[in-house]
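coords17.txt follows (compact mmCIF, C-alpha atoms (C1' of nucleotides)):
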# COMPACT_ATOMS: atom_id res chain seq x y z
CA MET A 1003 132.22 81.97 100.68
CA THR A 1004 133.97 85.20 100.09
CA ASP A 1005 136.81 83.10 98.82
CA ALA A 1006 134.62 81.80 96.05
CA VAL A 1007 133.79 85.33 95.04
CA VAL A 1008 137.44 86.32 95.04
CA GLN A 1009 138.29 83.33 92.94
CA ARG A 1010 135.61 84.06 90.39
CA LEU A 1011 136.73 87.65 90.02
CA ARG A 1012 140.30 86.50 89.53
CA GLU A 1013 139.27 83.88 87.01
CA LYS A 1014 137.65 86.57 84.97
CA GLY A 1015 140.71 88.75 85.09
CA LEU A 1016 139.22 91.41 87.31
CA ARG A 1017 141.11 93.05 90.11
CA VAL A 1018 139.77 92.03 93.46
CA THR A 1019 138.54 95.16 95.16
CA ARG A 1020 136.43 95.38 98.26
CA GLN A 1021 133.64 97.04 96.29
CA ARG A 1022 133.46 94.25 93.75
CA GLN A 1023 133.40 91.59 96.43
CA VAL A 1024 130.74 93.40 98.35
CA VAL A 1025 128.43 94.06 95.43
CA TYR A 1026 128.73 90.59 93.94
CA SER A 1027 128.33 88.91 97.31
CA LEU A 1028 125.24 90.94 97.99
CA LEU A 1029 123.64 90.05 94.68
CA ARG A 1030 124.31 86.37 95.25
CA GLU A 1031 123.12 86.57 98.82
CA ILE A 1032 119.81 88.31 98.35
CA GLY A 1033 119.01 87.04 94.87
CA GLY A 1034 116.32 88.62 92.74
CA HIS A 1035 116.46 91.67 90.54
CA HIS A 1036 117.76 94.98 91.83
CA SER A 1037 118.59 98.38 90.43
CA ALA A 1038 121.97 99.97 90.95
CA ASP A 1039 120.62 102.51 93.41
CA GLU A 1040 118.83 99.78 95.30
CA ILE A 1041 122.10 97.91 95.68
CA LEU A 1042 123.77 101.09 96.81
CA ALA A 1043 121.08 101.75 99.40
CA ILE A 1044 121.35 98.26 100.89
CA LEU A 1045 125.13 98.46 101.11
CA VAL A 1046 125.09 101.90 102.69
CA ASP A 1047 122.50 100.61 105.08
CA ARG A 1048 124.88 97.87 106.11
CA GLY A 1049 127.56 100.37 106.83
CA GLU A 1050 129.54 99.87 103.65
CA ASP A 1051 131.23 102.99 102.42
CA ILE A 1052 130.74 102.82 98.70
CA HIS A 1053 130.20 105.39 95.98
CA ARG A 1054 127.28 105.33 93.59
CA GLN A 1055 129.46 105.33 90.53
CA SER A 1056 131.35 102.36 91.92
CA VAL A 1057 128.15 100.36 91.96
CA TYR A 1058 127.57 101.25 88.33
CA ASN A 1059 131.18 100.38 87.51
CA VAL A 1060 131.00 97.06 89.29
CA VAL A 1061 127.72 95.85 87.84
CA GLY A 1062 128.96 96.95 84.44
CA ASP A 1063 132.20 95.01 84.77
CA LEU A 1064 130.54 91.96 86.24
CA GLN A 1065 128.02 92.02 83.43
CA GLN A 1066 130.79 92.08 80.86
CA VAL A 1067 132.44 88.99 82.27
CA GLY A 1068 129.15 87.19 82.68
CA LEU A 1069 128.81 87.06 86.46
CA VAL A 1070 125.85 89.42 86.46
CA MET A 1071 122.92 89.71 84.09
CA CYS A 1072 120.86 92.74 83.32
CA ALA A 1073 117.21 91.71 83.56
CA ASP A 1074 115.46 93.15 80.56
CA ALA A 1075 112.10 94.13 81.93
CA GLY A 1076 111.20 96.90 79.59
CA PRO A 1077 111.89 100.62 79.67
CA GLY A 1078 112.86 102.15 82.97
CA ARG A 1079 115.56 101.40 85.47
CA ALA A 1080 117.95 98.57 84.73
CA LEU A 1081 117.66 95.57 87.04
CA TYR A 1082 120.66 93.39 87.77
CA GLU A 1083 120.92 89.89 89.13
CA ALA A 1084 123.71 87.45 89.84
CA SER A 1085 123.17 84.63 87.39
CA ASP A 1086 125.17 82.67 84.93
CA HIS A 1087 122.52 80.82 83.00
CA TRP A 1088 120.39 82.33 80.32
CA HIS A 1089 116.73 82.87 81.10
CA HIS A 1090 113.82 85.13 80.39
CA HIS A 1091 111.58 87.25 82.57
CA PHE A 1092 107.97 87.61 83.49
CA VAL A 1093 106.71 91.00 84.58
CA CYS A 1094 103.45 91.40 86.46
CA ARG A 1095 101.55 94.37 85.13
CA VAL A 1096 99.92 94.93 88.50
CA CYS A 1097 102.66 94.71 91.10
CA GLN A 1098 105.61 94.99 88.71
CA VAL A 1099 107.23 91.95 90.21
CA VAL A 1100 109.91 90.37 88.01
CA LEU A 1101 110.17 86.59 87.93
CA ASP A 1102 112.68 84.38 86.19
CA VAL A 1103 111.39 82.17 83.43
CA PRO A 1104 113.58 79.26 82.42
CA CYS A 1105 114.53 79.23 78.79
CA ILE A 1106 112.98 76.34 76.94
CA GLU A 1107 115.22 75.49 74.07
CA GLY A 1108 112.69 73.24 72.48
CA SER A 1109 109.84 75.55 71.70
CA LYS A 1110 110.58 78.58 69.63
CA PRO A 1111 107.21 79.71 68.39
CA CYS A 1112 107.96 83.03 66.83
CA LEU A 1113 111.67 83.51 67.04
CA GLU A 1114 112.10 83.07 63.36
CA ILE A 1115 113.34 86.39 62.15
CA PRO A 1116 112.93 87.29 58.50
CA GLU A 1117 116.32 87.46 56.88
CA GLY A 1118 117.35 90.87 55.74
CA VAL A 1119 116.58 92.60 59.00
CA ALA A 1120 119.95 92.15 60.61
CA SER A 1121 123.36 90.72 59.94
CA VAL A 1122 124.19 88.95 63.18
CA ILE A 1123 121.80 87.93 65.91
CA ASP A 1124 123.38 86.74 69.16
CA GLU A 1125 120.45 86.51 71.46
CA ALA A 1126 116.73 86.81 71.84
CA GLN A 1127 115.31 88.00 75.10
CA VAL A 1128 111.69 87.44 75.89
CA ILE A 1129 109.60 89.48 78.27
CA PHE A 1130 106.33 87.88 79.31
CA ARG A 1131 103.72 90.26 80.64
CA GLY A 1132 100.63 89.38 82.57
CA VAL A 1133 99.36 89.00 86.08
CA CYS A 1134 101.14 87.01 88.74
CA HIS A 1135 99.41 84.55 91.05
CA GLY A 1136 99.32 86.95 93.95
CA CYS A 1137 97.69 89.77 92.04
CA ALA A 1138 95.33 87.45 90.20
CA GLY A 1139 94.12 86.29 93.57
CA THR A 1140 93.53 89.67 95.13
CA GLU A 1141 92.09 91.06 91.93
CA THR A 1142 89.28 88.59 91.44
CA ALA A 1143 88.34 87.82 95.00
CA GLY A 1144 89.77 85.96 97.93
CA THR A 1145 92.24 83.26 97.09
CA MET A 1146 95.70 84.57 97.72
CA ALA A 1147 97.68 82.26 95.53
CA THR A 1148 100.61 80.43 96.92
CA GLY A 1149 103.57 82.69 96.63
CA THR A 1150 105.82 80.77 94.32
CA GLY A 1151 109.06 81.41 96.07
CA ALA A 1152 110.62 82.88 93.02
CA THR A 1153 112.88 85.83 92.93
CA GLY A 1154 111.03 89.05 93.12
CA THR A 1155 111.56 92.74 93.03
CA GLN A 1156 109.26 95.57 93.79
CA ASN A 1157 109.45 99.09 92.55
CA MET B 1347 95.50 113.44 56.27
CA THR B 1348 94.86 115.38 59.41
CA ASP B 1349 91.23 114.42 58.97
CA ALA B 1350 92.19 110.79 59.28
CA VAL B 1351 93.97 111.53 62.51
CA VAL B 1352 91.00 113.43 63.88
CA GLN B 1353 88.69 110.62 62.97
CA ARG B 1354 90.87 108.01 64.63
CA LEU B 1355 91.04 110.00 67.84
CA ARG B 1356 87.29 110.40 67.81
CA GLU B 1357 86.75 106.71 67.14
CA LYS B 1358 88.75 105.92 70.23
CA GLY B 1359 86.73 108.33 72.33
CA LEU B 1360 89.54 110.81 72.82
CA ARG B 1361 89.00 114.52 72.70
CA VAL B 1362 90.56 116.05 69.64
CA THR B 1363 93.14 118.50 70.85
CA ARG B 1364 95.79 120.19 68.81
CA GLN B 1365 98.51 118.49 70.84
CA ARG B 1366 97.17 115.01 70.18
CA GLN B 1367 96.84 115.68 66.47
CA VAL B 1368 100.34 117.08 66.27
CA VAL B 1369 102.05 114.29 68.18
CA TYR B 1370 100.22 111.48 66.42
CA SER B 1371 100.69 113.06 63.01
CA LEU B 1372 104.38 113.44 63.67
CA LEU B 1373 104.82 109.82 64.72
CA ARG B 1374 103.00 108.62 61.62
CA GLU B 1375 104.92 111.00 59.42
CA ILE B 1376 108.47 110.27 60.52
CA GLY B 1377 107.99 106.64 61.51
CA GLY B 1378 110.53 104.78 63.59
CA HIS B 1379 111.05 104.75 67.33
CA HIS B 1380 111.33 107.95 69.33
CA SER B 1381 111.51 108.97 72.95
CA ALA B 1382 109.11 111.49 74.41
CA ASP B 1383 111.77 114.17 74.66
CA GLU B 1384 112.80 113.51 71.10
CA ILE B 1385 109.23 114.08 69.97
CA LEU B 1386 109.09 117.23 72.02
CA ALA B 1387 112.32 118.53 70.53
CA ILE B 1388 111.15 117.96 66.96
CA LEU B 1389 107.83 119.69 67.60
CA VAL B 1390 109.42 122.67 69.32
CA ASP B 1391 111.84 122.83 66.42
CA ARG B 1392 108.90 123.10 64.07
CA GLY B 1393 107.50 125.99 66.02
CA GLU B 1394 104.85 124.03 67.89
CA ASP B 1395 104.13 125.35 71.34
CA ILE B 1396 103.74 122.23 73.40
CA HIS B 1397 104.58 121.26 76.94
CA ARG B 1398 106.72 118.29 77.88
CA GLN B 1399 104.10 116.76 80.09
CA SER B 1400 101.60 117.00 77.26
CA VAL B 1401 103.81 114.80 75.14
CA TYR B 1402 103.90 112.24 77.94
CA ASN B 1403 100.13 112.56 78.36
CA VAL B 1404 99.47 112.13 74.67
CA VAL B 1405 101.72 109.13 74.07
CA GLY B 1406 100.26 107.57 77.19
CA ASP B 1407 96.68 108.08 76.02
CA LEU B 1408 97.42 106.96 72.48
CA GLN B 1409 99.12 103.88 73.81
CA GLN B 1410 96.09 103.02 75.88
CA VAL B 1411 93.78 103.12 72.90
CA GLY B 1412 96.23 101.26 70.71
CA LEU B 1413 97.30 103.94 68.26
CA VAL B 1414 100.83 104.04 69.60
CA MET B 1415 103.10 101.27 70.80
CA CYS B 1416 105.91 101.46 73.28
CA ALA B 1417 108.91 99.75 71.72
CA ASP B 1418 110.46 97.53 74.35
CA ALA B 1419 114.15 97.81 73.64
CA GLY B 1420 115.52 97.10 77.07
CA PRO B 1421 116.22 99.34 80.02
CA GLY B 1422 116.50 103.04 79.44
CA ARG B 1423 114.27 105.60 77.83
CA ALA B 1424 110.92 104.46 76.48
CA LEU B 1425 110.59 104.55 72.69
CA TYR B 1426 107.25 105.14 71.03
CA GLU B 1427 106.05 104.46 67.52
CA ALA B 1428 102.78 104.80 65.66
CA SER B 1429 101.70 101.28 64.91
CA ASP B 1430 98.64 99.15 65.27
CA HIS B 1431 99.98 95.68 64.70
CA TRP B 1432 101.96 93.61 67.15
CA HIS B 1433 105.60 93.10 66.38
CA HIS B 1434 109.00 92.61 68.00
CA HIS B 1435 112.23 94.57 67.85
CA PHE B 1436 115.81 94.10 66.87
CA VAL B 1437 118.43 96.24 68.61
CA CYS B 1438 121.89 96.72 67.16
CA ARG B 1439 124.48 96.50 69.91
CA VAL B 1440 126.78 98.80 67.99
CA CYS B 1441 124.68 101.71 66.78
CA GLN B 1442 121.66 101.06 69.00
CA VAL B 1443 119.28 101.34 66.09
CA VAL B 1444 115.89 99.75 66.69
CA LEU B 1445 114.25 97.85 63.86
CA ASP B 1446 110.83 96.29 63.68
CA VAL B 1447 110.63 92.54 63.39
CA PRO B 1448 107.30 91.20 62.21
CA CYS B 1449 105.78 88.63 64.48
CA ILE B 1450 105.14 85.44 62.61
CA GLU B 1451 101.98 84.63 64.48
CA GLY B 1452 100.46 87.95 63.66
CA SER B 1453 99.19 88.83 67.08
CA LYS B 1454 100.03 87.95 70.65
CA PRO B 1455 102.27 84.92 70.20
CA CYS B 1456 104.47 82.45 71.96
CA LEU B 1457 102.80 82.43 75.30
CA GLU B 1458 104.26 79.08 76.20
CA ILE B 1459 105.61 79.41 79.68
CA PRO B 1460 106.24 76.82 82.36
CA GLU B 1461 103.13 76.53 84.44
CA GLY B 1462 103.34 77.82 87.95
CA VAL B 1463 105.19 80.99 87.16
CA ALA B 1464 102.25 83.25 86.53
CA SER B 1465 98.51 83.28 86.48
CA VAL B 1466 97.69 85.23 83.35
CA ILE B 1467 99.98 85.98 80.46
CA ASP B 1468 98.79 88.48 77.88
CA GLU B 1469 101.80 89.01 75.77
CA ALA B 1470 105.39 88.11 75.12
CA GLN B 1471 107.75 90.68 73.75
CA VAL B 1472 110.94 89.58 72.11
CA ILE B 1473 114.07 91.65 71.82
CA PHE B 1474 116.62 90.43 69.33
CA ARG B 1475 120.13 91.69 69.84
CA GLY B 1476 122.96 91.59 67.37
CA VAL B 1477 124.62 93.67 64.74
CA CYS B 1478 122.78 95.38 61.93
CA HIS B 1479 123.87 95.28 58.31
CA GLY B 1480 125.34 98.74 58.39
CA CYS B 1481 127.53 98.11 61.41
CA ALA B 1482 128.52 94.63 60.25
CA GLY B 1483 129.86 96.21 57.10
CA THR B 1484 131.85 99.01 58.65
CA GLU B 1485 133.19 96.87 61.48
CA THR B 1486 135.47 94.92 59.13
CA ALA B 1487 135.30 91.26 59.98
CA GLY B 1488 137.81 89.83 62.40
CA THR B 1489 136.88 91.72 65.50
CA MET B 1490 133.83 89.53 65.77
CA ALA B 1491 135.89 86.57 66.97
CA THR B 1492 135.36 87.65 70.56
CA GLY B 1493 131.68 87.02 70.45
CA THR B 1494 131.86 83.33 71.21
CA GLY B 1495 128.70 82.54 73.03
CA ALA B 1496 129.37 84.86 75.90
CA THR B 1497 125.66 85.13 76.29
CA GLY B 1498 123.52 82.10 76.01
CA THR B 1499 120.85 82.25 73.43
CA GLN B 1500 117.49 81.52 72.00
CA ASN B 1501 114.35 80.18 73.26
C1' DC C 901 158.73 97.39 99.12
C1' DG C 902 157.97 100.57 95.36
C1' DT C 903 155.95 101.51 90.99
C1' DC C 904 152.31 101.55 87.64
C1' DG C 905 147.89 101.43 86.04
C1' DT C 906 143.32 100.33 87.27
C1' DT C 907 139.49 101.69 90.50
C1' DT C 908 137.26 104.47 93.46
C1' DT C 909 135.72 108.85 95.01
C1' DG C 910 133.36 113.40 95.17
C1' DG C 911 130.64 116.38 92.96
C1' DA C 912 128.21 118.24 89.36
C1' DC C 913 125.55 117.51 85.46
C1' DT C 914 122.05 115.70 81.91
C1' DC C 915 118.15 113.18 80.76
C1' DT C 916 113.80 110.90 81.81
C1' DG C 917 109.62 110.81 84.00
C1' DT C 918 106.17 112.40 87.61
C1' DC C 919 103.41 115.51 90.71
C1' DC C 920 100.56 119.52 91.59
C1' DA C 921 97.43 123.50 91.11
C1' DA C 922 95.74 126.76 87.95
C1' DA C 923 94.45 128.09 83.32
C1' DC C 924 92.64 126.58 79.09
C1' DG C 925 89.65 124.67 75.55
C1' DC C 926 86.80 120.85 73.53
C1' DA C 927 82.26 118.65 73.49
C1' DT C 928 77.60 119.04 74.88
C1' DC C 929 73.36 120.99 76.02
C1' DC C 930 70.16 124.72 75.91
C1' DG D 459 75.39 130.66 68.78
C1' DG D 460 76.59 131.03 73.61
C1' DA D 461 77.17 129.29 78.29
C1' DT D 462 78.74 125.29 81.00
C1' DG D 463 81.44 121.38 82.79
C1' DC D 464 85.05 118.50 82.82
C1' DG D 465 88.93 116.62 80.54
C1' DT D 466 93.61 118.62 78.95
C1' DT D 467 97.27 121.43 78.91
C1' DT D 468 100.55 124.35 81.15
C1' DG D 469 104.32 125.92 84.25
C1' DG D 470 107.28 124.83 87.57
C1' DA D 471 109.40 121.99 90.72
C1' DC D 472 110.89 117.60 91.92
C1' DA D 473 112.82 112.66 92.19
C1' DG D 474 115.33 109.03 90.00
C1' DA D 475 118.74 107.12 86.81
C1' DG D 476 122.87 107.32 84.67
C1' DT D 477 127.21 109.76 83.00
C1' DC D 478 131.40 112.79 83.04
C1' DC D 479 135.69 114.48 85.01
C1' DA D 480 139.91 115.13 87.75
C1' DA D 481 142.14 113.72 91.84
C1' DA D 482 143.05 110.34 95.30
C1' DA D 483 143.40 105.51 96.62
C1' DC D 484 144.65 100.90 96.13
C1' DG D 485 145.62 96.11 93.99
C1' DA D 486 148.93 93.49 91.15
C1' DC D 487 153.35 92.66 89.89
C1' DG D 488 158.30 92.99 89.55
Exercise: express the given structure as structure tokens:
Amino acid sequence: MTDAVVQRLREKGLRVTRQRQVVYSLLREIGGHHSADEILAILVDRGEDIHRQSVYNVVGDLQQVGLVMCADAGPGRALYEASDHWHHHFVCRVCQVVLDVPCIEGSKPCLEIPEGVASVIDEAQVIFRGVCHGCAGTETAGTMATGTGATGTQN
Amino acid sequence: MTDAVVQRLREKGLRVTRQRQVVYSLLREIGGHHSADEILAILVDRGEDIHRQSVYNVVGDLQQVGLVMCADAGPGRALYEASDHWHHHFVCRVCQVVLDVPCIEGSKPCLEIPEGVASVIDEAQVIFRGVCHGCAGTETAGTMATGTGATGTQN
DNA sequence: CGTCGTTTTGGACTCTGTCCAAACGCATCC
DNA sequence: GGATGCGTTTGGACAGAGTCCAAAACGACG
């Protein structure tokens, strides 16, 4: 398992350091969306001796080579996740949970951008905002909705 | 002009304080997207005596009543703008400039999302990323070759 | 195994945003 | 017009997020 991580780092032309292995392994292991400091805290908790700036370095490098994505969930702390396929995010306005939303290539309702605004457009990220099942349930009355076992992150 | 601002505040049920007038007037006057500290700096520069927390209070209140929008341009500082119609944003990956992109639908659009993810979805914000005209010009073509679909795209 | 250049480390620093109690001032009522 | 009450503003301190810098450590390669 660690071998796979080592191989991927090498493939991407990155030096294989303990810190990179540890951070990337953690992100793959726990899944979900996490801030740099959150990652640091977990690693320190596990007895890893790693510097804060190293976490920032690593997630930055991994992001550049496409092993890690920065989950755009609006202003505030940046949330990272280990993922290699493009997708969008849903943010619950009550509990702040961040859920992955698969990208549907077919429907592009309002992604037409008037020409003249920009020269090159590489990507379009979508942030859906609303209320998740769990909060919708507790808000109205009883029914705690089934926790869709998606990836979540609290603040 | 200030009268219009006063009237709008009153319409929304907000007390008319000097700070609210000043901040809202400034946003309408200069246009564009600005962080709270940026707003503070400009006002202090102009001789206004205003506290940092007041700026945060004001933009928060104005946002709640719909006179100000928070421009979602990804992680980092929150950017505010005086606007009352829904729209998206384009962010230049070179100079970081934020441009408004009109939303075709007019109001809250593209709420298509795979069922099961969330219970209620109020809005979908789109962030377009690419290179603006200015940067595309100065960058001198050729360096762009690297940008081969590193990041997946569109929805 | 040694060298070189990339990474990591330690620490300090800036910037953003929030919390709290006390002072202030806007809207309302008399 | 003046007193009153409560929403706002203020000052200061604080936490969190991210960056900068020089020195030490370590991985890759010959």
Quiz item: Could you state the separation of CA of His1431 in chain B and CA of Asp1074 in chain A in Å, given to one decimal place?
Solution: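 We find that CA of His1431 in chain B and CA of Asp1074 in chain A lie 22.3 Å from each other.
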Exercise: Glu1394 in chain B partners within 12 Å, all atoms listed in the file, chain neighbours under 3 positions left out, as a CSV table (one decimal) with C-alpha atoms, keeping the file's coordinate frame:
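In the end it all went to out.csv:
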chain,number,residue,atom,x,y,z
B,1364,ARG,CA,95.8,120.2,68.8
B,1365,GLN,CA,98.5,118.5,70.8
B,1367,GLN,CA,96.8,115.7,66.5
B,1368,VAL,CA,100.3,117.1,66.3
B,1369,VAL,CA,102.0,114.3,68.2
B,1372,LEU,CA,104.4,113.4,63.7
B,1385,ILE,CA,109.2,114.1,70.0
B,1386,LEU,CA,109.1,117.2,72.0
B,1387,ALA,CA,112.3,118.5,70.5
B,1388,ILE,CA,111.2,118.0,67.0
B,1389,LEU,CA,107.8,119.7,67.6
B,1390,VAL,CA,109.4,122.7,69.3
B,1391,ASP,CA,111.8,122.8,66.4
B,1397,HIS,CA,104.6,121.3,76.9
B,1398,ARG,CA,106.7,118.3,77.9
B,1401,VAL,CA,103.8,114.8,75.1
Exercise. Do a neighbour search on DG460 in chain D at 12 Å with only C-alpha atoms (C1' of nucleotides), toss out local chain neighbours closer than 2 positions, and write the hits as a list in words.
Key: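 Answer for this query is DC929 and DC930 of chain C; DT462 of chain D.
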Quiz prompt | Answer as a PyMOL selection string, residues within 12 Å of (150.4, 90.0, 91.7) using only C-alpha atoms (C1' of nucleotides) | solution = (chain A and resi 1012+1015+1017-1018) or (chain D and resi 485-488)
Taking all atoms listed in the file into account, which residues of chain B are within 9 Å of chain C, as a short mmCIF file (atom, residue, chain, number, x, y, z; two decimals) with C-alpha atoms, in the coordinates of the input?
data_model
loop_
_atom_site.label_atom_id
_atom_site.label_comp_id
_atom_site.auth_asym_id
_atom_site.auth_seq_id
_atom_site.Cartn_x
_atom_site.Cartn_y
_atom_site.Cartn_z
CA ARG B 1361 89.00 114.52 72.70
CA VAL B 1362 90.56 116.05 69.64
CA THR B 1363 93.14 118.50 70.85
CA ALA B 1382 109.11 111.49 74.41
CA ASP B 1383 111.77 114.17 74.66
CA GLN B 1399 104.10 116.76 80.09
CA TYR B 1402 103.90 112.24 77.94
CA GLY B 1422 116.50 103.04 79.44
CA ARG B 1423 114.27 105.60 77.83
CA ALA B 1424 110.92 104.46 76.48
#
Counting all atoms listed in the file, give me one row per residue of chain D with an atom at most 12 Å from an atom of chain A, showing the shortest contact pair and its distance in Å to one decimal, sorted by chain then residue number, as CSV.
residue,atom,partner,partner_atom,distance
D:DG474,C1',A:Arg1079,CA,8.9
D:DA475,C1',A:Arg1079,CA,6.7
D:DG476,C1',A:Tyr1058,CA,8.5
D:DT477,C1',A:Gln1055,CA,9.0
D:DC478,C1',A:Gln1055,CA,10.7
D:DA483,C1',A:Thr1019,CA,11.5
D:DC484,C1',A:Thr1019,CA,8.4
D:DG485,C1',A:Arg1017,CA,6.7
D:DA486,C1',A:Arg1017,CA,7.9
Quiz item: Could you write out as a VMD selection string the residues of chain A within 6 Å of chain B, counting all atoms listed in the file?
Solution: chain A and resid 1074 1076 to 1080 1088 1105 to 1107 1110 to 1112 1120 to 1135
May I have the residues from that selection written out with C-alpha atoms, as a CSV table (one decimal), keeping the file's coordinate frame?
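See result_3.csv below for the written result:
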chain,number,residue,atom,x,y,z
A,1074,ASP,CA,115.5,93.2,80.6
A,1076,GLY,CA,111.2,96.9,79.6
A,1077,PRO,CA,111.9,100.6,79.7
A,1078,GLY,CA,112.9,102.2,83.0
A,1079,ARG,CA,115.6,101.4,85.5
A,1080,ALA,CA,118.0,98.6,84.7
A,1088,TRP,CA,120.4,82.3,80.3
A,1105,CYS,CA,114.5,79.2,78.8
A,1106,ILE,CA,113.0,76.3,76.9
A,1107,GLU,CA,115.2,75.5,74.1
A,1110,LYS,CA,110.6,78.6,69.6
A,1111,PRO,CA,107.2,79.7,68.4
A,1112,CYS,CA,108.0,83.0,66.8
A,1120,ALA,CA,120.0,92.2,60.6
A,1121,SER,CA,123.4,90.7,59.9
A,1122,VAL,CA,124.2,89.0,63.2
A,1123,ILE,CA,121.8,87.9,65.9
A,1124,ASP,CA,123.4,86.7,69.2
A,1125,GLU,CA,120.4,86.5,71.5
A,1126,ALA,CA,116.7,86.8,71.8
A,1127,GLN,CA,115.3,88.0,75.1
A,1128,VAL,CA,111.7,87.4,75.9
A,1129,ILE,CA,109.6,89.5,78.3
A,1130,PHE,CA,106.3,87.9,79.3
A,1131,ARG,CA,103.7,90.3,80.6
A,1132,GLY,CA,100.6,89.4,82.6
A,1133,VAL,CA,99.4,89.0,86.1
A,1134,CYS,CA,101.1,87.0,88.7
A,1135,HIS,CA,99.4,84.6,91.0
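We find CA of Asp1349 in chain B and CA of Asp1407 in chain B to be spaced 19.0 Å apart.
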Box dimensions and centre (Å, one decimal) enclosing range 480-488 of chain D, axis-aligned, 5 Å extra per side, as AutoDock Vina command-line options:
--center_x 149.1 --center_y 103.9 --center_z 92.2 --size_x 28.4 --size_y 32.5 --size_z 18.9
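Here CA of Leu1413 in chain B stands at a distance of 20.1 Å from CA of Ile1396 in chain B.
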Quiz item: In terms of the shortest atom-to-atom distance over all atoms listed in the file, which of B:Val1443, B:Gly1406, B:Gly1412, B:Asp1395 is closest to DT468 in chain D?
Solution: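 Of the candidates, the smallest distance to DT468 in chain D is held by B:Asp1395.
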Atom completion result for range 1397-1408 of chain B (N, CA and C atoms) as an mmCIF file, in the coordinates of the input:
data_model
loop_
_atom_site.group_PDB
_atom_site.id
_atom_site.type_symbol
_atom_site.label_atom_id
_atom_site.label_comp_id
_atom_site.auth_asym_id
_atom_site.auth_seq_id
_atom_site.Cartn_x
_atom_site.Cartn_y
_atom_site.Cartn_z
ATOM 1 N N HIS B 1397 103.916 121.516 75.675
ATOM 2 C CA HIS B 1397 104.580 121.260 76.940
ATOM 3 C C HIS B 1397 105.056 119.814 77.009
ATOM 4 N N ARG B 1398 106.147 119.621 77.766
ATOM 5 C CA ARG B 1398 106.720 118.290 77.880
ATOM 6 C C ARG B 1398 105.731 117.273 78.427
ATOM 7 N N GLN B 1399 105.049 117.696 79.482
ATOM 8 C CA GLN B 1399 104.100 116.760 80.090
ATOM 9 C C GLN B 1399 102.982 116.405 79.118
ATOM 10 N N SER B 1400 102.644 117.309 78.233
ATOM 11 C CA SER B 1400 101.600 117.000 77.260
ATOM 12 C C SER B 1400 102.040 115.867 76.351
ATOM 13 N N VAL B 1401 103.308 115.878 75.978
ATOM 14 C CA VAL B 1401 103.810 114.800 75.140
ATOM 15 C C VAL B 1401 103.661 113.470 75.882
ATOM 16 N N TYR B 1402 104.037 113.472 77.149
ATOM 17 C CA TYR B 1402 103.900 112.240 77.940
ATOM 18 C C TYR B 1402 102.425 111.857 78.040
ATOM 19 N N ASN B 1403 101.564 112.842 78.284
ATOM 20 C CA ASN B 1403 100.130 112.560 78.360
ATOM 21 C C ASN B 1403 99.649 111.923 77.061
ATOM 22 N N VAL B 1404 99.985 112.563 75.958
ATOM 23 C CA VAL B 1404 99.470 112.130 74.670
ATOM 24 C C VAL B 1404 99.947 110.716 74.322
ATOM 25 N N VAL B 1405 101.247 110.471 74.417
ATOM 26 C CA VAL B 1405 101.720 109.130 74.070
ATOM 27 C C VAL B 1405 101.114 108.092 75.007
ATOM 28 N N GLY B 1406 100.906 108.486 76.255
ATOM 29 C CA GLY B 1406 100.260 107.570 77.190
ATOM 30 C C GLY B 1406 98.841 107.240 76.772
ATOM 31 N N ASP B 1407 98.072 108.287 76.433
ATOM 32 C CA ASP B 1407 96.680 108.080 76.020
ATOM 33 C C ASP B 1407 96.614 107.269 74.725
ATOM 34 N N LEU B 1408 97.437 107.653 73.767
ATOM 35 C CA LEU B 1408 97.420 106.960 72.480
ATOM 36 C C LEU B 1408 97.815 105.498 72.626
#
